[in-house]
Amino acid sequence: MSAPKLHHYVPQSYLARFGRGDMVRVRRRCPPKTHLANVKNVAAETGFYTMTDENGMPSTAIEHELSRLEAQGLDALRRIDETGMPPAVGTDDRELLCLYLAVQMARTPRQRTGPLFGRNVTAYANGREVDLALMTKYLTHKHLGHPPRAAEAQGAWDYYHGARAMNDGNDTTHDEAVAVTLGSVRVCLPQYRARHWRLETSRKPNFLTSDAPLVLWRPETRSDTYQGFGLEGAHEIRFPVSPTAQLVLIPGQGTSAEEVKLSRVISCNQDLTDSCEQVIVGHPDRHTALDKVQLSRRGPTLRFNTAPGIRKKSDGTEEPMGDILHMYTTRR
C-alpha cells in the first residue's frame, strides 16, 4: 500500500456527506473567499500524522489506523440516517462513535498549538535569546495579532521556559506532539459515554460543518474573557452529521430525537463558524447558509495568563498559593 502524503484531520468521507459527490463549497477565514473544492483538498496537511518508527524511518501507520476508524464511523453515521435516532446506550455503534468523536476532537491542528508553542517561538527567535521582550513581539506579530497584556506575555514566557526545562532544554518535537494529542483520547472517552445523545433534525438541509466540526458550547459568561472550558464544562457537545441533522450530547442519560427550528440551525452554524480552524463547509448548490454566517479573520487562540492563586483549605478558609499559570483556548 502506498504511503499517503496528504493527511486529513477531518475525514473526507465525513465532509462528503455535506456535498455533492466529492465536491463541497468552502468559505475561508483568510483570504476571505468562497470556492468549490474536492474534499481531498479540505482540512488536510502534508505529513500531518507521519511519525518516525523504531528504525528511524517515516511511518504513516497512524494515518492508516485513522482510515479504518473513519470507515467504521461512516457506517455508524449512515445507520443514524436510516433510523433517525442516535445509537442507544450500550450498543457497538454508541461506543464506536464515542471513539470517533474523541479522536476528531484530538486530531485538529488546534490541539497541537500548546505542545508546539515552544518550537514555534524558537523558530521565530532564530538564535536570539527568548526574553520577555521577544516573547511580547512573538505574541503581537505571530500568535495573537495584537499586543498582549503584561500578564499574558509573562505567562507565555513562563510556559516556554518551563516546558523546555522539563524536556532537557528542548522543544516538543512533531512526533511528541502527535503522541500527546492522540494520547488524550482514552482519557476523554468517559465524557462522551456519560451524556444523553440527542439527534436534532431540520426540515431543510441547512446545517454546515467545518475543519473543526466538534463544538463545545455553553452560555457566554464574563469569564470567557480570561478563561476557557472543556468537555466537563460544556453544556452541549455538538457534531453536525449531515445537512439535515446534528448530534448534541448533553448532561443526562439515554437518547432522543427532535426537529428544531431554523433559528436553532442558524445559531449552531454561527457557533460552528466561530470555532472553525480556517474553513466552513457546505453544499455546492446551497450557498445561502454559508453566506449568512459571520467569519472573522482569526479564530480560537491559545491564551496565557499569570495571576495569584487561591487555595481553599479543609476548614473553608482560603490562603494564597503564589502566582499560577493559566492556559486556555478562546471560544472564537
# chains A, B, ... in the order shown; residues from 1 in each chain; ligands from 1
>>> closest_atom_pairs(of="segment 273-313 of chain A", to="segment 144-153 of chain A", cutoff="7 Å", atoms="only C-alpha atoms", output="Markdown table")
| residue | atom | partner | partner_atom | distance |
| --- | --- | --- | --- | --- |
| A:Phe304 | CA | A:Glu152 | CA | 4.9 |
| A:Asn305 | CA | A:Glu152 | CA | 4.6 |
| A:Thr306 | CA | A:Ala151 | CA | 5.2 |
>>> residues_around(residues="Thr108 of chain A", least_positions_apart="3", cutoff="9 Å", atoms="only C-alpha atoms", output="compact mmCIF listing (two decimals) with C-alpha atoms, in the first residue's frame")
# COMPACT_ATOMS: atom_id res chain seq x y z
CA TYR A 9 -7.64 15.94 10.16
CA VAL A 10 -11.33 15.74 9.23
CA ALA A 43 -8.82 20.00 6.19
CA GLN A 104 -11.98 14.09 15.99
CA MET A 105 -11.57 16.47 18.92
CA GLN A 111 -4.87 20.68 19.64
CA ARG A 112 -1.17 20.81 18.74
CA ASP A 211 -12.50 21.78 9.64
CA ALA A 212 -13.14 21.62 13.42
CA GLU A 277 -9.85 26.34 12.14
>>> closest_residue(among="A:Arg264, A:His143, A:Arg203, A:Arg218", to="Arg303 of chain A", atoms="only C-alpha atoms")
A:His143
>>> residues_around(residues="segment 226-236 of chain A", least_positions_apart="6", cutoff="12 Å", atoms="only C-alpha atoms", output="number ranges by chain")
A: 101-102, 105-106, 149, 151-152, 185, 187-198, 214-220, 246-252, 268, 271, 300-307, 325-332
>>> residues_around(residues="Gly90 of chain A", least_positions_apart="6", cutoff="12 Å", atoms="only C-alpha atoms", output="PyMOL selection string")
chain A and resi 96-98+193-194+253-255
>>> write_last_selection(atoms="N, CA and C atoms", output="mmCIF file, in the first residue's frame")
data_model
loop_
_atom_site.group_PDB
_atom_site.id
_atom_site.type_symbol
_atom_site.label_atom_id
_atom_site.label_comp_id
_atom_site.auth_asym_id
_atom_site.auth_seq_id
_atom_site.Cartn_x
_atom_site.Cartn_y
_atom_site.Cartn_z
ATOM 1 N N LEU A 96 -18.470 3.044 19.293
ATOM 2 C CA LEU A 96 -17.665 3.415 18.130
ATOM 3 C C LEU A 96 -17.697 4.923 17.909
ATOM 4 N N LEU A 97 -18.876 5.523 18.004
ATOM 5 C CA LEU A 97 -18.981 6.962 17.771
ATOM 6 C C LEU A 97 -18.382 7.771 18.920
ATOM 7 N N CYS A 98 -18.376 7.229 20.130
ATOM 8 C CA CYS A 98 -17.642 7.890 21.216
ATOM 9 C C CYS A 98 -16.172 8.031 20.836
ATOM 10 N N ARG A 193 -19.336 9.072 26.754
ATOM 11 C CA ARG A 193 -20.191 7.957 27.171
ATOM 12 C C ARG A 193 -21.250 8.403 28.176
ATOM 13 N N ALA A 194 -20.890 9.365 29.019
ATOM 14 C CA ALA A 194 -21.740 9.698 30.166
ATOM 15 C C ALA A 194 -22.887 10.650 29.840
ATOM 16 N N GLN A 253 -28.772 10.865 30.623
ATOM 17 C CA GLN A 253 -28.624 9.529 30.060
ATOM 18 C C GLN A 253 -29.637 9.319 28.953
ATOM 19 N N GLY A 254 -29.370 8.328 28.080
ATOM 20 C CA GLY A 254 -30.343 7.931 27.084
ATOM 21 C C GLY A 254 -30.146 8.577 25.737
ATOM 22 N N THR A 255 -31.193 8.522 24.910
ATOM 23 C CA THR A 255 -31.177 9.076 23.564
ATOM 24 C C THR A 255 -32.515 9.717 23.265
#
>>> select_by_dssp(residues="segment 10-228 of chain A", states="alpha helix (DSSP H)", output="NGL selection string")
:A and (12-16 or 61-83 or 92-106 or 117-125 or 132-138 or 150-165 or 174-183 or 185-193)
